[in-house]
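Below is one structure, written out as structure tokens; the observations come after it.
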Amino acid sequence: ITAYLKEAKSYAEAGIKPERKTEPVRIPVVLAELLWADPELSVAFDALAEGRKRAYVLYVEGAKKMETKRARMARCREKILLGKGPNEL
């Protein structure tokens, strides 16, 4: 363990950081349908940061019923147009 810690410390002192691997956000069907139907919303959603996009996907996909998913997206429309995440005021 100490050898591992020494190695990690040497990386930190040298300023070496691990490579970040990020996957593109997978858009669920209900969200894709709404974005396709509303070009203004689609442009605004594409302009969001990856983390905000991911937060919307998690928020929508957290619902079990399709009608709840659609209702959640309808409520989020204004926030998306303002460039905010689902949990931002």
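Chains: A, B, ... in order of the structure tokens. Residues: from 1 per chain. Ligands: from 1, in order shown.
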Worksheet item: If you count only C-alpha atoms, which residues fall within 8 Å of segment 65-82 of chain A, apart from same-chain ones fewer than 3 positions away, as an MDAnalysis selection string?
Response: chainID A and resid 30:31 34 40:41 44:45 48 59:61 85:86
Fill in: Backbone-only DSSP, alpha helix (DSSP H) members of chain A, as an MDAnalysis selection string
chainID A and resid 2:14 29:37 39:47 50:61 66:82
Worksheet item: Pick the closest to Lys53 of chain A from A:Ile16, A:Arg26, A:Lys21, A:Glu88: which is it, counting only C-alpha atoms?
Response: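 Among A:Ile16, A:Arg26, A:Lys21, A:Glu88, it is A:Arg26 that comes nearest to Lys53 of chain A.
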Worksheet item: Which residue, A:Ala12, A:Ile1, A:Glu19, A:Gly83, has the smallest gap to Ser42 of chain A when you use only C-alpha atoms?
Response: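 With only C-alpha atoms as the atom set, the closest residue is A:Gly83.
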Worksheet entry | atom CA of Pro28 of chain A to atom CA of Gly51 of chain A, straight-line distance in Å |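 We find that atom CA of Gly51 of chain A and atom CA of Pro28 of chain A lie 15.5 Å from each other.
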Item to complete: State, in Å with one decimal place, the distance from atom CA of Asp38 of chain A to atom CA of Val57 of chain A.
Response: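 Rounded to one decimal, the two atoms are 17.0 Å apart.
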Fill in: Distance of atom CA of Ala37 of chain A from atom CA of Glu23 of chain A, expressed in Å to one decimal place
25.5 Å
